[in-house]
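Coordinates from entry.txt are shown below (compact mmCIF, C-alpha atoms and all ligand atoms).
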# COMPACT_ATOMS: atom_id res chain seq x y z
CA MET A 1 13.26 105.32 -48.03
CA GLU A 2 13.75 108.97 -47.20
CA TRP A 3 11.61 111.19 -45.00
CA LEU A 4 13.87 114.23 -44.78
CA GLY A 5 11.91 115.93 -42.08
CA HIS A 6 8.49 116.09 -43.62
CA LEU A 7 5.43 114.23 -42.44
CA PRO A 8 4.20 111.61 -44.86
CA THR A 9 0.66 112.21 -46.10
CA ASN A 10 -0.50 109.22 -44.11
CA PRO A 11 1.34 108.95 -40.75
CA ALA A 12 0.58 105.24 -40.63
CA ARG A 13 3.03 104.84 -43.52
CA LEU A 14 5.85 106.30 -41.47
CA ALA A 15 6.82 102.99 -39.94
CA PRO A 16 6.87 100.41 -42.71
CA LYS A 17 5.33 97.02 -42.08
CA LEU A 18 8.53 95.02 -41.88
CA SER A 19 8.94 91.35 -41.09
CA ASN A 20 11.14 91.63 -38.02
CA LEU A 21 12.31 93.99 -35.33
CA LYS A 22 15.86 94.21 -36.60
CA LEU A 23 14.68 95.65 -39.90
CA LEU A 24 12.26 97.94 -38.09
CA ASP A 25 15.05 99.26 -35.87
CA GLN A 26 17.23 99.92 -38.91
CA GLU A 27 14.50 102.12 -40.39
CA LEU A 28 13.61 103.80 -37.11
CA ILE A 29 17.09 105.21 -36.47
CA LYS A 30 16.86 107.06 -39.80
CA CYS A 31 13.58 108.79 -38.96
CA THR A 32 13.50 112.58 -39.25
CA ALA A 33 9.75 113.15 -39.27
CA CYS A 34 9.61 115.66 -36.37
CA PRO A 35 11.67 118.77 -37.18
CA ARG A 36 11.64 120.13 -33.61
CA LEU A 37 12.78 116.84 -32.09
CA VAL A 38 15.41 116.21 -34.75
CA GLN A 39 16.88 119.62 -34.03
CA TRP A 40 16.75 119.07 -30.26
CA ARG A 41 18.27 115.57 -30.26
CA GLN A 42 21.18 116.87 -32.35
CA GLU A 43 21.60 120.06 -30.33
CA VAL A 44 21.81 118.10 -27.06
CA ALA A 45 24.30 115.75 -28.69
CA VAL A 46 26.54 118.64 -29.64
CA THR A 47 26.29 120.82 -26.52
CA LYS A 48 26.41 117.84 -24.11
CA ARG A 49 26.38 117.90 -20.31
CA ARG A 50 29.71 118.95 -18.82
CA ALA A 51 30.27 115.55 -17.19
CA TYR A 52 30.00 113.84 -20.59
CA GLN A 53 32.00 116.29 -22.73
CA ASP A 54 34.45 113.56 -23.75
CA GLN A 55 31.70 111.20 -24.92
CA LYS A 56 30.09 110.91 -28.34
CA TYR A 57 26.32 111.23 -27.99
CA TRP A 58 24.00 108.96 -29.96
CA GLY A 59 21.65 111.81 -30.95
CA LYS A 60 19.22 109.67 -33.01
CA PRO A 61 15.91 107.84 -32.43
CA ILE A 62 16.04 105.13 -29.76
CA THR A 63 15.02 101.59 -30.64
CA GLY A 64 13.54 99.03 -28.29
CA PHE A 65 15.95 96.93 -26.23
CA GLY A 66 15.46 93.28 -25.32
CA PRO A 67 14.67 89.95 -26.93
CA THR A 68 12.42 89.85 -29.98
CA ASN A 69 10.23 87.21 -28.32
CA ALA A 70 9.66 89.16 -25.11
CA LYS A 71 6.81 88.25 -22.79
CA VAL A 72 6.86 91.60 -21.01
CA ALA A 73 6.78 94.90 -22.91
CA VAL A 74 7.77 97.97 -20.89
CA ILE A 75 6.71 101.24 -22.47
CA GLY A 76 8.33 104.49 -21.38
CA LEU A 77 7.72 108.06 -22.48
CA ALA A 78 10.77 109.25 -24.43
CA PRO A 79 14.59 109.06 -24.32
CA GLY A 80 16.43 111.06 -21.68
CA ALA A 81 18.54 113.92 -23.02
CA HIS A 82 21.75 112.72 -21.35
CA GLY A 83 20.58 109.13 -20.83
CA ALA A 84 19.39 107.23 -23.90
CA ASN A 85 20.08 110.15 -26.25
CA ARG A 86 23.70 109.93 -25.08
CA THR A 87 24.23 106.18 -24.73
CA GLY A 88 21.99 104.98 -27.56
CA ARG A 89 20.07 102.48 -25.41
CA VAL A 90 16.66 103.03 -23.91
CA PHE A 91 16.61 104.00 -20.19
CA THR A 92 20.40 103.74 -20.06
CA GLY A 93 22.72 106.22 -18.37
CA ASP A 94 20.35 108.23 -16.19
CA SER A 95 18.43 108.09 -12.94
CA SER A 96 15.18 106.79 -14.48
CA GLY A 97 17.10 103.87 -15.93
CA ASP A 98 18.80 103.20 -12.59
CA TRP A 99 15.39 102.77 -10.99
CA LEU A 100 13.90 100.70 -13.78
CA TYR A 101 16.74 98.24 -14.35
CA ARG A 102 17.24 97.74 -10.62
CA SER A 103 13.61 96.71 -10.32
CA LEU A 104 13.71 94.53 -13.43
CA HIS A 105 16.80 92.76 -12.06
CA LYS A 106 15.19 92.29 -8.67
CA ASN A 107 12.26 90.59 -10.37
CA GLY A 108 14.35 88.33 -12.63
CA LEU A 109 13.83 90.35 -15.81
CA ALA A 110 17.33 91.85 -16.22
CA LYS A 111 20.75 90.23 -15.95
CA ILE A 112 22.35 93.00 -13.88
CA PRO A 113 20.84 95.79 -11.74
CA THR A 114 22.45 98.67 -13.64
CA SER A 115 22.39 100.01 -17.18
CA ASP A 116 25.19 102.44 -17.89
CA SER A 117 26.36 101.93 -21.47
CA LEU A 118 26.06 99.71 -24.52
CA ASN A 119 29.03 97.67 -23.30
CA ASP A 120 27.93 97.06 -19.73
CA GLY A 121 26.83 93.45 -20.29
CA GLN A 122 23.19 94.16 -19.54
CA GLU A 123 20.67 91.72 -21.00
CA LEU A 124 16.95 91.73 -20.52
CA ILE A 125 15.20 88.45 -19.76
CA ASP A 126 11.84 87.88 -21.51
CA THR A 127 11.43 91.66 -21.52
CA ARG A 128 11.70 94.42 -24.09
CA ILE A 129 11.72 98.12 -23.25
CA MET A 130 10.57 100.75 -25.72
CA CYS A 131 9.35 104.34 -25.74
CA ALA A 132 6.12 105.91 -26.92
CA VAL A 133 8.16 108.74 -28.49
CA ARG A 134 11.55 107.75 -29.85
CA CYS A 135 13.41 111.07 -29.82
CA VAL A 136 14.24 113.25 -26.84
CA PRO A 137 11.79 116.15 -26.54
CA PRO A 138 12.64 119.54 -24.98
CA GLY A 139 11.57 119.52 -21.33
CA ASN A 140 10.63 115.83 -21.66
CA LYS A 141 7.38 117.01 -23.22
CA PRO A 142 6.54 115.89 -26.73
CA SER A 143 3.69 117.78 -28.37
CA ILE A 144 0.47 115.93 -29.08
CA GLU A 145 1.31 116.04 -32.77
CA GLU A 146 4.79 114.57 -32.16
CA SER A 147 3.35 111.80 -30.00
CA LYS A 148 0.87 110.94 -32.72
CA LYS A 149 3.51 111.11 -35.40
CA CYS A 150 5.70 108.61 -33.56
CA GLN A 151 2.87 106.21 -32.74
CA PRO A 152 3.36 104.03 -35.86
CA TRP A 153 6.80 102.97 -34.62
CA LEU A 154 5.32 101.71 -31.35
CA LEU A 155 2.46 100.10 -33.20
CA ARG A 156 4.80 98.11 -35.44
CA GLU A 157 6.95 97.02 -32.51
CA VAL A 158 3.92 95.91 -30.51
CA GLU A 159 2.58 94.08 -33.57
CA LEU A 160 5.83 92.16 -34.11
CA LEU A 161 6.06 91.26 -30.41
CA PHE A 162 2.38 90.40 -30.05
CA PRO A 163 2.68 86.59 -30.50
CA THR A 164 4.81 86.32 -27.34
CA THR A 165 3.92 89.38 -25.24
CA ARG A 166 1.54 88.79 -22.34
CA SER A 167 2.12 91.85 -20.14
CA TYR A 168 2.33 95.53 -21.05
CA LEU A 169 3.79 97.76 -18.36
CA ALA A 170 3.15 101.44 -19.14
CA LEU A 171 5.37 103.97 -17.37
CA GLY A 172 3.32 107.15 -17.14
CA GLY A 173 0.05 108.38 -18.60
CA ILE A 174 1.38 109.04 -22.11
CA ALA A 175 2.74 105.50 -22.36
CA TRP A 176 -0.56 104.15 -20.99
CA ARG A 177 -2.53 105.91 -23.73
CA ALA A 178 0.03 104.98 -26.38
CA ILE A 179 -0.10 101.25 -25.68
CA ILE A 180 -3.90 101.25 -25.49
CA ASP A 181 -4.09 103.12 -28.81
CA ALA A 182 -1.59 100.74 -30.41
CA LEU A 183 -3.46 97.63 -29.27
CA ALA A 184 -6.79 99.09 -30.40
CA GLU A 185 -5.27 100.08 -33.74
CA LEU A 186 -4.10 96.50 -34.16
CA GLY A 187 -7.71 95.38 -33.78
CA GLU A 188 -7.54 94.04 -30.24
CA GLU A 189 -10.80 94.30 -28.31
CA LEU A 190 -10.10 96.10 -25.06
CA PRO A 191 -12.65 96.34 -22.24
CA ARG A 192 -14.76 99.48 -22.37
CA ASN A 193 -14.78 99.84 -18.62
CA ARG A 194 -11.02 99.84 -18.24
CA PRO A 195 -9.56 102.01 -15.46
CA LYS A 196 -8.03 105.43 -15.94
CA PHE A 197 -4.27 105.67 -15.69
CA GLY A 198 -2.82 105.57 -12.20
CA HIS A 199 -0.09 103.70 -10.41
CA GLY A 200 -1.18 100.06 -10.31
CA ALA A 201 -4.15 100.57 -12.62
CA GLN A 202 -4.60 97.38 -14.58
CA PHE A 203 -6.91 95.41 -16.80
CA ASN A 204 -6.91 92.17 -18.72
CA PHE A 205 -8.06 91.54 -22.26
CA LEU A 206 -8.51 88.43 -24.34
CA GLY A 207 -6.17 88.79 -27.32
CA SER A 208 -7.20 87.91 -30.87
CA ASP A 209 -5.03 84.78 -30.57
CA GLY A 210 -7.02 83.55 -27.55
CA ASN A 211 -4.38 84.46 -24.96
CA THR A 212 -5.24 86.70 -22.04
CA ARG A 213 -3.00 89.71 -21.59
CA LEU A 214 -2.37 92.24 -18.84
CA VAL A 215 -1.99 96.01 -19.20
CA ILE A 216 -0.66 97.62 -16.03
CA GLY A 217 0.32 101.21 -15.29
CA SER A 218 3.08 102.69 -13.19
CA TYR A 219 4.14 106.21 -12.38
CA HIS A 220 7.17 106.99 -14.49
CA PRO A 221 10.48 106.59 -12.60
CA SER A 222 11.48 110.14 -13.53
CA GLN A 223 13.44 112.21 -11.04
CA GLN A 224 10.37 114.39 -10.64
CA ASN A 225 8.48 111.38 -9.28
CA THR A 226 11.27 109.57 -7.43
CA PHE A 227 12.77 112.65 -5.72
CA THR A 228 9.38 113.78 -4.47
CA GLY A 229 8.38 110.33 -3.23
CA LYS A 230 5.46 110.08 -5.63
CA LEU A 231 7.00 106.80 -6.76
CA THR A 232 8.88 104.64 -4.26
CA ARG A 233 11.08 101.66 -5.04
CA SER A 234 8.60 99.26 -3.46
CA GLN A 235 5.76 100.71 -5.58
CA LEU A 236 7.79 100.20 -8.74
CA ASP A 237 8.86 96.71 -7.67
CA SER A 238 5.23 95.79 -7.08
CA VAL A 239 4.05 96.56 -10.63
CA VAL A 240 7.16 95.07 -12.26
CA LYS A 241 6.57 91.91 -10.22
CA LYS A 242 2.94 91.74 -11.34
CA ALA A 243 3.88 92.21 -14.99
CA GLY A 244 6.54 89.50 -14.79
CA ARG A 245 4.40 87.04 -12.85
CA PHE A 246 1.46 87.43 -15.21
CA ALA A 247 3.64 87.04 -18.30
CA HIS A 248 5.13 83.81 -17.00
CA SER A 249 2.12 82.22 -15.35
CA GLY A 250 -0.88 83.87 -17.02
CA LYS A 251 -2.27 84.52 -13.56
CA PRO A 252 -2.40 87.80 -11.65
CA LEU A 253 -0.80 87.88 -8.19
FE1 LIG A 301 10.60 109.97 -36.01
FE2 LIG A 301 9.44 109.42 -33.69
FE3 LIG A 301 11.73 110.77 -33.74
FE4 LIG A 301 9.47 111.93 -34.59
S1 LIG A 301 9.93 111.25 -32.49
S2 LIG A 301 11.51 111.99 -35.58
S3 LIG A 301 8.40 110.17 -35.54
S4 LIG A 301 11.40 108.65 -34.40
Transcribe the structure of this file into structure tokens.
Ligand code: SF4
Amino acid sequence: MEWLGHLPTNPARLAPKLSNLKLLDQELIKCTACPRLVQWRQEVAVTKRRAYQDQKYWGKPITGFGPTNAKVAVIGLAPGAHGANRTGRVFTGDSSGDWLYRSLHKNGLAKIPTSDSLNDGQELIDTRIMCAVRCVPPGNKPSIEESKKCQPWLLREVELLFPTTRSYLALGGIAWRAIIDALAELGEELPRNRPKFGHGAQFNFLGSDGNTRLVIGSYHPSQQNTFTGKLTRSQLDSVVKKAGRFAHSGKPL
């Protein structure tokens, strides 16, 4: 399969319907459907940040990380330029990741509180982290077209995880919309009166398999939010705790 930088006629065909996440990940890392993002991810990988000049950057799309039977799905926005785009693992090697993994560890969802590199021994417990947009965008801002173009990758990942996933934790408004769109696209009936995105916004829905699921929102642990105090560690811990508790017990806190 070869995309070579052009958008397929039907974007839904971008991410093939494969039988498992390993195969999906193998296809994802070859994706070149967004010319601007392909150029940017490679440019960042070549120019590098001074502190990482001696490192080889990943510079490709970022797959999900975590077990393929996860109960909690954490959805972020996009890879960090010198975080995931450098290390090759989602939320790894930057400040956002420091905040997220620390909270996941505190709530029993990650083996260690840090996530620095592929060889750091980190393992997620019942949790898989993924991004709404899989390539680093300039200024951390994907265009609407790029977000839509990447949606099929999220949709396929959510579909393959669906039998086990009970909680969806969306980090930021774009991730909130992306997971709602993916679930709706998969035919799940979501409540019409669901809340707008906000920190702690949440709703339940009865999945097509008869299991109740939770969708919960959090402000993104970006430096913009954590440096300004818009998101505190206790606020993040609170939503991570709710997502984990619901996934394991089926009951909200
Ligand atoms: Fe492909 Fe998504 Fe990267 Fe665009 S952002 S090139 S659709 S993986």
Quiz item: Please, which residues are within 7 Å of (7.0, 85.6, -21.2) by the file's coordinates, counting only C-alpha atoms, and could they come as a list of chain:residue names?
Solution: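 The answer, in the requested form, is A:Ala70, A:Lys71, A:Val72, A:Asp126, A:Thr164, A:Thr165, A:Arg166, A:Ala247, A:His248.
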Quiz item: From the list A:Ser218, A:Tyr101, A:Thr232, A:Arg86, which residue is nearest Ala170 (chain A) when using all atoms listed in the file?
Solution: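 Selected residue with least distance to Ala170 (chain A): A:Ser218.
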Exercise. Within 8 Å of Thr92 (chain A), counting all atoms listed in the file, which residues show up once you throw out same-chain ones fewer than 4 positions away? Write them as number ranges by chain, please.
Key: A: 83-84, 87-88, 97-98, 115-117
Quiz prompt | Proximity to ligand LIG 301 (chain A) - best of A:Ile180, A:Val136, A:Ala51, A:Leu77, all atoms listed in the file | solution =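 Looking at the shortest contact to ligand LIG 301 (chain A), the residue is A:Val136.
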Practice problem: Considering all atoms listed in the file, state which residue in the set A:Leu169, A:Val74, A:Cys31, A:Ala175 is at the smallest distance from ligand LIG 301 (chain A). | Solution: A:Cys31
Quiz prompt | Nearest-residue call for Lys60 (chain A), choices A:Glu43, A:Asp94, A:Glu159, A:Glu123, using all atoms listed in the file | solution =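 Smallest separation from Lys60 (chain A) among the options: A:Glu43.
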Exercise. Give me the residues within 9 Å of Leu24 (chain A) as a ChimeraX atom specification, counting only C-alpha atoms and dropping any in the same chain fewer than 3 places off.
Key: /A:15-21,27-29,63,153,156-157
Residue completion, region 69-86 of chain A, N, CA and C atoms, as a compact mmCIF listing (two decimals), in the frame of the given file:
# COMPACT_ATOMS: atom_id res chain seq x y z
N ASN A 69 11.36 88.07 -28.71
CA ASN A 69 10.23 87.21 -28.32
C ASN A 69 9.84 87.49 -26.86
N ALA A 70 9.90 88.77 -26.51
CA ALA A 70 9.66 89.16 -25.11
C ALA A 70 8.24 88.84 -24.66
N LYS A 71 8.13 88.48 -23.39
CA LYS A 71 6.81 88.25 -22.79
C LYS A 71 6.29 89.50 -22.08
N VAL A 72 7.22 90.35 -21.68
CA VAL A 72 6.86 91.60 -21.01
C VAL A 72 7.31 92.76 -21.89
N ALA A 73 6.41 93.68 -22.19
CA ALA A 73 6.78 94.90 -22.91
C ALA A 73 6.67 96.07 -21.93
N VAL A 74 7.76 96.79 -21.76
CA VAL A 74 7.77 97.97 -20.89
C VAL A 74 7.79 99.20 -21.80
N ILE A 75 6.82 100.07 -21.59
CA ILE A 75 6.71 101.24 -22.47
C ILE A 75 6.96 102.50 -21.66
N GLY A 76 8.01 103.23 -22.03
CA GLY A 76 8.33 104.49 -21.38
C GLY A 76 7.80 105.66 -22.19
N LEU A 77 8.19 106.86 -21.78
CA LEU A 77 7.72 108.06 -22.48
C LEU A 77 8.64 108.38 -23.66
N ALA A 78 9.86 108.80 -23.38
CA ALA A 78 10.77 109.25 -24.43
C ALA A 78 12.20 109.15 -23.91
N PRO A 79 13.19 109.16 -24.78
CA PRO A 79 14.59 109.06 -24.32
C PRO A 79 14.99 110.25 -23.45
N GLY A 80 15.86 109.98 -22.49
CA GLY A 80 16.43 111.06 -21.68
C GLY A 80 17.50 111.80 -22.47
N ALA A 81 17.59 113.11 -22.24
CA ALA A 81 18.54 113.92 -23.02
C ALA A 81 19.97 113.42 -22.86
N HIS A 82 20.36 113.15 -21.60
CA HIS A 82 21.75 112.72 -21.35
C HIS A 82 21.79 111.25 -20.93
N GLY A 83 20.65 110.57 -21.06
CA GLY A 83 20.58 109.13 -20.83
C GLY A 83 20.61 108.43 -22.18
N ALA A 84 19.44 107.99 -22.64
CA ALA A 84 19.39 107.23 -23.90
C ALA A 84 19.89 108.05 -25.09
N ASN A 85 19.62 109.35 -25.11
CA ASN A 85 20.08 110.15 -26.25
C ASN A 85 21.61 110.23 -26.29
N ARG A 86 22.23 109.95 -25.14
CA ARG A 86 23.70 109.93 -25.08
C ARG A 86 24.23 108.52 -25.37
